[in-house]
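Undergrad: If you scroll down you'll find the structure; I have some questions about it.
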Number of protein chains: 2
Amino acid sequence: MTAFLEEHAAQVRQAADRIRPHIRRTPSLTTDLDPELRLKPECFQLTGSFKVRGAFNAILLLAAQQPRPAGVIAVSSGNHAQAVALAAATVGLSALVLIPEDANPGKVAATRALGAEVIQEGITFANREQRLREEMAERGLALVHPFDDWNVIHGQGTAALELLEDEPELRVIAAPVGGGGLLSGTAISAKSHNPDLRVIGVEPAVADDAYRTWKTGSIQALAVAPTTLADGVRTTSIGMRTFDVMFANRLVDEIVTVTEEEIVTAVQVAWSRLHLALEPTGALPLAAYLSGKLPSERTGLIFTGGNANLETVATLLRPQ
Amino acid sequence: MTAFLEEHAAQVRQAADRIRPHIRRTPSLTTDLDPELRLKPECFQLTGSFKVRGAFNAILLLAAQQPRPAGVIAVSSGNHAQAVALAAATVGLSALVLIPEDANPGKVAATRALGAEVIQEGITFANREQRLREEMAERGLALVHPFDDWNVIHGQGTAALELLEDEPELRVIAAPVGGGGLLSGTAISAKSHNPDLRVIGVEPAVADDAYRTWKTGSIQALAVAPTTLADGVRTTSIGMRTFDVMFANRLVDEIVTVTEEEIVTAVQVAWSRLHLALEPTGALPLAAYLSGKLPSERTGLIFTGGNANLETVATLLRPQ
């Protein structure tokens, strides 16, 4: 094991201890679909997604700083927003979240319900970084980045850590990749558990920046935020830290892409055969499995969340 | 504890040991909806419902008889059919299942896929008992009754047994009631665990035979099979044995009824807040909870299954 991996694996274990009182330990599930599959349903996590793992780890560390920051700020169109809102409220810090105008209204309402201040007016995918810098400077807020932050990466790695405690014999582990926070944390946990465990990231074909980054060995970005059913992975590129973990240190073995049709099928199968109400992003690893893009070995699929727009899902479920 | 309860509780524990190698231990889940709730998601059970518990217990005992029966027979419009098919195939007995013509086609296909012979032609709710007697006599088959069979009742009681192992401090436990097999087994496990634990059955208001049976103290039957979204509880009356457990021995404290609208809301909440893809029958205890019909104490809800017709559910999920 490299010193890099050893150090980050130790930090994932510390994150697990730190966040344990605040999050749920989700179960691992087996399924009639295939006896070799093991499912990690993070849809049952607090707020309905794995994002609380990284948010709690980062915000518990911020809250322990002297002096404490005036509050935290995040940019998110969805699950990270709710996670930051909950973690900040738990430690008694204020939270400001910038959410693009076209975001899922259910996720916006849930973020407000958790006590965060939400600014939506005039926020777009294009200008949100600029607005973020302005608000941070003006109010003295600490940023909780959705993926390119070591504390967030270490927190996200605790999902795979739990899965591997329950299922130590996994040969393959697959997780969605957007900015790469979850996949980086997963890779750290997986490769420190067993260097031969194959780590695979799954992304929509219409948002294939991580795939092209893997292929070329340098960060590739999409020109615009892609339109995909998997609205949790609309980031235009991975980050410096997640690049470092996944590709510079080669802790991720492969990125596979899935079509929008394959995502639809996966959501339908998740509902009808697995009985899990996943959001489309959460079903990405299942889409890769169902379309034959994963090895046929004992495989763990990390299902990231379940916060789907009911109307979208009703449309997806209706037989064509 | 009465001798009656003590004996049946011992048989539930024996059933748990007997079926353990053949079924899944489903997890207990907590939820953001209410910190006092504990969920037992039997939608993750083999074949997608709790029914395999009773079917395996009954069929493992039949398979151990000398001489073995020529095969097993069941009447079911749904989950019991798949459960009997799987259990019979596992022990190497043939299975014949009579399924009414208007049953959910998905459940029929799943039953055939598990190796059972299915007869549907000419089978109605009204004539199926008669057809059953004819086929049993002709072929020498052993009946696996969906609820009024002690071995089935004891098998179904293992779901609550597991839930109470995980959550010994429950004060209330709620389960759907159709023929009463699950609720009887649940009551045996619950009252032998703690006589003060409140056991509540939930049924659709349009199928309120168990409610009226509880109120009057004698078995009340519906004139015809009711039309309810909860197609798993369309039985017209409970059985002699389930009456004995639930009401003669007073192991069930209360039956509550829910409207069809309350069932729709429960399915929507199960999907959107709990991220569980329940079938309407499986959501009955949630309907009772959401409509304020359960006590506000630490409560376990047994969600019986997830084998919903996708098109029906797509319609239910679509915001009105």
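Ordering of the structure tokens sets the chain letters (A, B, ...); residue numbers start at 1 within each chain; ligands are numbered from 1 in the order shown.
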Could you please tell me, as a list in words, which residues of chain A have an atom within 6 Å of chain B when using only C-alpha atoms?
TA: Trp271, His275, Leu276, Ala277, Gly306, Glu311, Ala314, Leu317 and Arg318 of chain A
Undergrad: For Gln82 in chain B, please output as a CSV table (one decimal) with N, CA and C atoms, in the first residue's frame all residues within 8 Å (counting only C-alpha atoms; exclusion window: fewer than 2 positions along the same chain).
TA:
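Done, and the output landed in out_32.csv:
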```
chain,number,residue,atom,x,y,z
B,47,THR,N,-38.6,-13.4,-3.3
B,47,THR,CA,-39.9,-13.3,-4.1
B,47,THR,C,-40.6,-12.0,-3.8
B,78,GLY,N,-51.6,-14.1,-5.8
B,78,GLY,CA,-50.4,-13.3,-5.8
B,78,GLY,C,-49.2,-13.8,-5.1
B,79,ASN,N,-48.8,-13.2,-4.0
B,79,ASN,CA,-47.5,-13.5,-3.4
B,79,ASN,C,-47.4,-14.9,-2.8
B,80,HIS,N,-48.5,-15.4,-2.3
B,80,HIS,CA,-48.5,-16.8,-1.8
B,80,HIS,C,-48.1,-17.8,-2.9
B,84,VAL,N,-45.1,-20.4,-2.6
B,84,VAL,CA,-45.2,-21.8,-2.6
B,84,VAL,C,-44.4,-22.4,-3.8
B,85,ALA,N,-44.4,-21.7,-4.9
B,85,ALA,CA,-43.6,-22.2,-6.1
B,85,ALA,C,-42.2,-22.3,-5.7
B,86,LEU,N,-41.6,-21.3,-5.1
B,86,LEU,CA,-40.2,-21.3,-4.7
B,86,LEU,C,-39.9,-22.4,-3.7
B,107,LYS,N,-47.5,-11.2,-11.4
B,107,LYS,CA,-47.4,-12.2,-10.4
B,107,LYS,C,-47.6,-13.6,-11.0
B,110,ALA,N,-44.4,-14.6,-12.7
B,110,ALA,CA,-43.3,-14.9,-11.7
B,110,ALA,C,-43.5,-16.3,-11.1
B,111,THR,N,-44.8,-16.7,-10.9
B,111,THR,CA,-45.1,-18.0,-10.4
B,111,THR,C,-44.7,-19.1,-11.3
B,114,LEU,N,-40.9,-19.6,-11.5
B,114,LEU,CA,-40.4,-20.4,-10.4
B,114,LEU,C,-40.7,-21.9,-10.5
```
Undergrad: Measuring between only C-alpha atoms, which one of A:Gly122, A:Pro146, A:Pro105, A:Pro295 shows the shortest distance to Val75 in chain A?
TA: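 The shortest atom-to-atom distance to Val75 in chain A comes from A:Pro146.
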Undergrad: Excluding range 183-196 of chain B and residues on its chain fewer than 4 positions from it, collect all residues at most 10 Å away from it, counting only C-alpha atoms, and give them as number ranges by chain.
TA: B: 1-2, 4-13, 54, 147-148, 150-165, 168-179, 200-202, 241-247, 250-253, 302
Undergrad: Taking into account only C-alpha atoms, which residue in the set B:Pro67, B:Pro280, B:Gly217, B:Gly140 is nearest to Glu260 in chain B?
TA: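 Of all the options, B:Pro280 lies closest to Glu260 in chain B.
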Undergrad: For Gly239 in chain A, which residue among A:Ile219, A:Ala74, A:Ile255, A:Leu39 is the nearest when counting only C-alpha atoms?
TA: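 So, comparing all the options, the nearest one is A:Ile219.
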Undergrad: Could you check how far CA of Asp208 in chain B sits from CA of Thr257 in chain B, in Å to one decimal?
TA: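 Distance between the two atoms: 6.8 Å.
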Undergrad: Could you list, as an MDAnalysis selection string, every residue within 10 Å of Pro69 in chain A, counting only C-alpha atoms and ignoring same-chain residues fewer than 6 positions away?
TA: chainID A and resid 62:63 93:94 139:143
Undergrad: Among range 68-166 of chain A, which residues does DSSP mark as helix (DSSP H, G or I) when it is run on the backbone? Keep the chain and numbering as in the structure and answer as a ChimeraX atom specification.
TA: /A:79-91,105-113,128-139,150-166
Undergrad: Please write the residues from the selection above to a file, keeping C-alpha atoms, as a tab-separated table (two decimals), in the first residue's frame.
TA:
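File written: out01.tsv
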```tsv
chain	number	residue	atom	x	y	z
A	79	ASN	CA	-28.71	16.26	-2.23
A	80	HIS	CA	-25.57	18.07	-1.09
A	81	ALA	CA	-27.76	21.05	-0.21
A	82	GLN	CA	-29.93	19.03	2.17
A	83	ALA	CA	-26.88	17.34	3.66
A	84	VAL	CA	-25.13	20.65	4.39
A	85	ALA	CA	-28.34	22.11	5.81
A	86	LEU	CA	-28.80	19.19	8.21
A	87	ALA	CA	-25.17	19.02	9.31
A	88	ALA	CA	-24.94	22.77	9.87
A	89	ALA	CA	-28.17	22.83	11.89
A	90	THR	CA	-26.91	19.91	13.97
A	91	VAL	CA	-23.72	21.73	15.01
A	105	PRO	CA	-38.46	22.00	-6.32
A	106	GLY	CA	-38.77	19.11	-3.87
A	107	LYS	CA	-35.08	19.27	-3.08
A	108	VAL	CA	-35.24	23.06	-2.62
A	109	ALA	CA	-38.16	22.78	-0.21
A	110	ALA	CA	-36.40	20.04	1.75
A	111	THR	CA	-33.27	22.21	2.08
A	112	ARG	CA	-35.31	25.13	3.44
A	113	ALA	CA	-37.18	22.79	5.79
A	128	ARG	CA	-22.95	30.21	-9.47
A	129	GLU	CA	-19.20	30.05	-8.76
A	130	GLN	CA	-18.99	33.84	-9.07
A	131	ARG	CA	-21.99	34.35	-6.76
A	132	LEU	CA	-20.45	31.91	-4.31
A	133	ARG	CA	-17.20	33.90	-4.06
A	134	GLU	CA	-19.16	37.12	-3.50
A	135	GLU	CA	-21.29	35.67	-0.71
A	136	MET	CA	-18.32	33.98	0.97
A	137	ALA	CA	-16.31	37.19	1.04
A	138	GLU	CA	-19.20	39.33	2.20
A	139	ARG	CA	-20.40	37.10	5.04
A	150	TRP	CA	-10.56	16.12	1.45
A	151	ASN	CA	-12.95	16.03	4.41
A	152	VAL	CA	-15.88	15.48	2.07
A	153	ILE	CA	-14.02	12.73	0.18
A	154	HIS	CA	-13.12	10.96	3.42
A	155	GLY	CA	-16.72	11.16	4.63
A	156	GLN	CA	-18.07	9.70	1.41
A	157	GLY	CA	-15.62	6.81	1.71
A	158	THR	CA	-17.46	5.57	4.80
A	159	ALA	CA	-20.27	4.07	2.72
A	160	ALA	CA	-17.89	1.61	1.03
A	161	LEU	CA	-16.16	1.04	4.38
A	162	GLU	CA	-19.47	-0.17	5.85
A	163	LEU	CA	-20.27	-2.25	2.79
A	164	LEU	CA	-16.90	-3.97	2.99
A	165	GLU	CA	-17.36	-4.64	6.71
A	166	ASP	CA	-20.59	-6.44	5.81
```
